[in-house]
2 protein chains.
Amino acid sequence: MKSSSFFFFLFFFLLLLSLSPPSSSIAEAKTHLLKWEIKYAFKSPDCFTKLVITINGLSPGPTITATQGDTIVVVVTNLLETENTAIHWHGIRQIGTPWSDGTGGVTQCPIQPGDTFVYKFVVDRPGTYMYHAHYGMQRSAGLHGMIRVMVPQETKEPFDYDYDRSIVVNDWWHKSAQEQAAGLAALNFGWVGEPQSLLINGRGKFINCSLAGANSNVCNISNPECSPAVITMIPGKIYRLRIISVSSLSAFNLELEGHNMTIVEADGSYVNPVAVKNLNIYSGESYSVLIKADQDPSRNYWVALNVVSRKPGTPTGTAILNYFSNHPSKSPPTRPPIGPSWNDVLYRFNQSLAIRSHPNYIEPPPRTSDRVIIFLNTQNKINGYVKWAVNNVSFTLPDTPYLIALKEKLTHVFSQKPAPETYDYKSYDIGIVQPNPNATTSNSLYKLDYGSTVDIILQNANTLNVNNSETHPWHLHGHDFWVVGYGLGKFDPESDPKRYNLVDPIKKNTVPLHPYGWTALRFRADNPGVWAFHCHVEAHFFMGMGVVFETGVEKVGRLPESILGCGKSKKHTSYP
Amino acid sequence: MKSSSFFFFLFFFLLLLSLSPPSSSIAEAKTHLLKWEIKYAFKSPDCFTKLVITINGLSPGPTITATQGDTIVVVVTNLLETENTAIHWHGIRQIGTPWSDGTGGVTQCPIQPGDTFVYKFVVDRPGTYMYHAHYGMQRSAGLHGMIRVMVPQETKEPFDYDYDRSIVVNDWWHKSAQEQAAGLAALNFGWVGEPQSLLINGRGKFINCSLAGANSNVCNISNPECSPAVITMIPGKIYRLRIISVSSLSAFNLELEGHNMTIVEADGSYVNPVAVKNLNIYSGESYSVLIKADQDPSRNYWVALNVVSRKPGTPTGTAILNYFSNHPSKSPPTRPPIGPSWNDVLYRFNQSLAIRSHPNYIEPPPRTSDRVIIFLNTQNKINGYVKWAVNNVSFTLPDTPYLIALKEKLTHVFSQKPAPETYDYKSYDIGIVQPNPNATTSNSLYKLDYGSTVDIILQNANTLNVNNSETHPWHLHGHDFWVVGYGLGKFDPESDPKRYNLVDPIKKNTVPLHPYGWTALRFRADNPGVWAFHCHVEAHFFMGMGVVFETGVEKVGRLPESILGCGKSKKHTSYP
């Protein structure tokens, strides 16, 4: 470990020199040493007691708070009895540290029970991010939390606020991640169904609590663990709410009753402020919104979380917007907002269009791209198993992580068959169930020329069910992309690129693909490594909805030994 | 793998030459190649549907049938999504193949998801054995099955029978192994409670099925998966029933209504035949009994499985003893036998005493031993956590398996503090709750001189509850032991050894320690390797009730690379 420590030190020192914008902050850049124990515990987030994967006893895990340029060192000890794990730092590009991306099967071997693994990376940009398990379906078991990266004290942000608060939203099932995964993987496909509850900051309320079990050990509505989350506001003050969705499945609409909000940040980029009544947020997205405590201070208001895009089978998730000095648990005299109609695609589509870069922070995209890849998003069957696929290829993870395989030149680890660049867009009817939904599986990857500009067009289509197309929030590891266009219907490679927004597109790491629509992204493949790009719906990625990009892997430094130890790297011995 | 294959070949060839008794059988010795996929599946063994770990879709897994001297090759692919595994071949001594013992943390690193691991070993003795997961609490999740080793055709056994049948008994919970383990490991100790059902050949009946869930997907009494097991007999014929208990917790009494049985085999040793009304069988034990189909052939009879030693909270498990040509599902007109009183220790004690070697197969034990180790069995507290311990030391597994650590001379892997040889038997009162139940944890081991004779005295005591002492079935890996004595009360090192049975003691690998009693074992430490010796109650071993013996590890051949890859052996690179 001695030599790798030195390497880390040297590397991060150089990185800090090159990245930290104001030179004065170099001296202040801190290293945050976090010690995390990953362990199962019985928790009652929605009053129903079940096994949850916790970090130091918590789910959501502890919020990581740091300042731009700081180094985060997370010493993760896996105290699960039989399960491995891996943690992804979602939105952190891991420039120079691709082995710290935490993507099981892509950038590292998983952390075995009893083992301690060290993640070390620089948070080079301010903004709101998240972390979560990226192994099996462990994210849905509760292993997730928020990352808040502050600007250095002397740096001004393009908006003002008095206080800064966090909102973590997700959906919650009473079945275990193992049960969910086993159902999805079975020939006799078993779907866990809509979530039992929606959680705000890890708290919700299961409405059928009294039916759930014979005794109050199983579900107890008075358990303090499931008392509603409270956001207290001082009248007249302005609050920045940092919101992340670690949702497994659901697309959400978040409404703060009686308060408009102004979207000012998306995935770490400053947004040209947009005032909205409510916010659509998709799994893997993060936003900052400003709200002013300018309503009747004698009462409390609802924070309301509603499912959109799927027909809701779950009651509104609620928290309390508490005007000081009302009692935090004082129920608002009103009913919680029910949000927009769940199937109002246009409403969500238009909000997506409205998220553009703040004029003072525009980073103009390249005018042209070097390569265009079109990804048709479909639900398929493979040998009778239900799968998701892009271009009729359902993704599978190799046993040996790509980063290791490529750097250490291990062969026969993944398919060398080229992955498809497009689909037959001239004849394909996105509005109907595919006449032949059969697909193939593959673990081949897309090799992107280092430094090249790549356009990705995500094309949605009908699922295996008539008149059904789902929302897919796609997340790119290791890079942000410019969101250059959204459309409804089928993307036309001739005409649609002419309408791309190359003026003020927002840079994000996660973007929705709306039902029957398309989303166009542009990014520069300038971060050496191997990077997953996938639908952030946990079940969809689990069932094959993703791809892997490799770029400039020859520029990646010597891999830490600690990421080795599975598949062909189990016996790999290049580190004497 | 080339060189290790050659090594295996050479090794087993030599082994076969040396071990197979009749020279004619050498030519006939077969290799059985088994391909197993380990996977979660939803199963309804007692009509309640839950996630079960299956082998090729089955739980219990496929029965391994082979002839003495055959080689078994089991190619295990772990298709669990996030969990590792390891499989122990219980009763197989693994002479020359200690790395195939399948004990996670002792003889191998666990098999990671997606990996394939090859177990290869010779079944050198005829008899009835079993296999099961030996990692976390996966045995209780359903990963277990029977091994039947036949005598070569020309070899005569000391009893006659017409047909040979299998009975696998165990207890069954609706909570997952993860839930059980998390409760046991929690500061706020959570006990899963008594089993919901008792299973015979993987089938039982949950009596509260209709209360279990809102719909018949959760529990359906007409599910064919939970129709009772049937053992069909032709009137007048003699049946050999091979019985194994893979119970997690419960001690059992098995009764075949209206039929006495004659015990003829115990853990692979021939027994001086004992006729019994019913058989007490403890977790990890195997027996063969003979029964004659000599009752009223116009009706069926019950096979009844009852809990003993713990106050039963679970209804009798039943199967059908079906007289041909009655319909197999024809219910017997009687009530199932309820077995002996659950707390009749003397009844069970006397049956233990009655199990002695068949006179024609006596292998006399050494007259004296080189070392005597006394193991006081207690329930303890460590920093508030409930634990089990021997001599007030609660066992923990190191991250790096002992066999690897010792062979590869990895240091600081486990404690070098000597493990205690005895307890303060002069002053200790086994009949009361310990005034100071505090214990320590340790992963130190017992080094036994190679070839030496060791006496082990297991001494039972009161648990943390007043007037309570449990039954602990202790299982030794890699060796059989002679059962030289049982006693009730406190073992006296002066007088009790004088009453040891050195004439016709049975050789076993698993033996009960009765409440408030003692059990004395003698064995020759003649199998080079590292071997667990532990209580076979899964929760008890999980909570620290075990030790590890090392002997002659310097004689162990080069380890297969495939067992490496965890703890300090993750980075171990002695295999270029």
# chains A, B, ... in the order shown; residues from 1 in each chain; ligands from 1
>>> residues_around(residues="B:Trp173", least_positions_apart="3", cutoff="9 Å", atoms="only C-alpha atoms", output="ChimeraX atom specification")
/B:140-141,176-177,192-197
>>> interface_residues(of="chain B", to="chain A", cutoff="6 Å", atoms="only C-alpha atoms", output="list in words")
Glu81, Thr82, Glu83, Asn84, Gly114, Gly136, Asp399, Gly565, Lys570 and Thr573 of chain B
>>> write_last_selection(atoms="N, CA and C atoms", output="short mmCIF file (atom, residue, chain, number, x, y, z; two decimals), in the first residue's frame")
data_model
loop_
_atom_site.label_atom_id
_atom_site.label_comp_id
_atom_site.auth_asym_id
_atom_site.auth_seq_id
_atom_site.Cartn_x
_atom_site.Cartn_y
_atom_site.Cartn_z
N GLU B 81 -27.16 -13.27 -7.17
CA GLU B 81 -26.83 -11.97 -7.76
C GLU B 81 -25.73 -11.25 -7.00
N THR B 82 -25.80 -11.29 -5.68
CA THR B 82 -24.87 -10.48 -4.88
C THR B 82 -24.16 -11.30 -3.80
N GLU B 83 -24.54 -12.56 -3.66
CA GLU B 83 -24.01 -13.36 -2.55
C GLU B 83 -22.99 -14.38 -3.00
N ASN B 84 -21.98 -14.54 -2.17
CA ASN B 84 -21.02 -15.62 -2.35
C ASN B 84 -21.60 -16.90 -1.76
N GLY B 114 -21.22 -15.31 -10.24
CA GLY B 114 -20.71 -15.44 -11.60
C GLY B 114 -19.56 -16.42 -11.72
N GLY B 136 -22.18 -18.10 5.90
CA GLY B 136 -23.29 -17.36 6.48
C GLY B 136 -24.33 -18.34 7.01
N ASP B 399 -10.93 -13.11 7.94
CA ASP B 399 -11.24 -12.79 6.54
C ASP B 399 -10.45 -13.67 5.58
N GLY B 565 -8.38 -15.64 -3.05
CA GLY B 565 -9.11 -14.49 -3.58
C GLY B 565 -9.89 -13.69 -2.57
N LYS B 570 -6.34 -12.16 -1.40
CA LYS B 570 -6.80 -11.45 -2.60
C LYS B 570 -5.60 -10.94 -3.39
N THR B 573 0.17 -13.64 -4.42
CA THR B 573 0.66 -13.83 -5.78
C THR B 573 1.75 -14.88 -5.86
#
>>> residues_around(residues="B:Ile92", least_positions_apart="5", cutoff="10 Å", atoms="only C-alpha atoms", output="list in words")
Ser100, Asp101, Phe121, Val122, Val123, Asp124, Arg125, Gly127, Thr128, Tyr129, Met130, Tyr131, Ile147, Asp267, Gly268, His477, Gly478, His479, Asp480 and Asn509 of chain B
>>> residues_around(residues="stretch 360-366 of chain A", least_positions_apart="6", cutoff="7 Å", atoms="only C-alpha atoms", output="PyMOL selection string")
chain A and resi 270+482+502-504
>>> residues_around(residues="B:Thr65", least_positions_apart="5", cutoff="10 Å", atoms="only C-alpha atoms", output="list in words")
His32, Asp70, Ile72, Thr128, Met146, Ile147, Arg148, Val149 and Met150 of chain B
>>> residues_around(residues="stretch 239-251 of chain B", least_positions_apart="3", cutoff="6 Å", atoms="only C-alpha atoms", output="MDAnalysis selection string")
chainID B and resid 140 161:171 282:291 307:308 537:538
>>> residues_around(residues="stretch 464-474 of chain B", least_positions_apart="4", cutoff="6 Å", atoms="only C-alpha atoms", output="ChimeraX atom specification")
/B:379,433,510-516,534-536
>>> select_by_dssp(residues="stretch 150-396 of chain B", states="helix (DSSP H, G or I)", output="MDAnalysis selection string")
chainID B and resid 177:185 209:212 224:226 345:354 359:361
>>> closest_residue(among="B:Ala86, B:Ile221, B:Leu199, B:Val106", to="B:Cys47", atoms="only C-alpha atoms")
B:Ile221
>>> closest_residue(among="B:Leu376, B:Leu321, B:Ala275, B:Leu256", to="B:Ile338", atoms="only C-alpha atoms")
B:Leu256
>>> select_by_dssp(residues="stretch 48-82 of chain A", states="strand (DSSP E)", output="ChimeraX atom specification")
/A:50-55,64-67,71-78
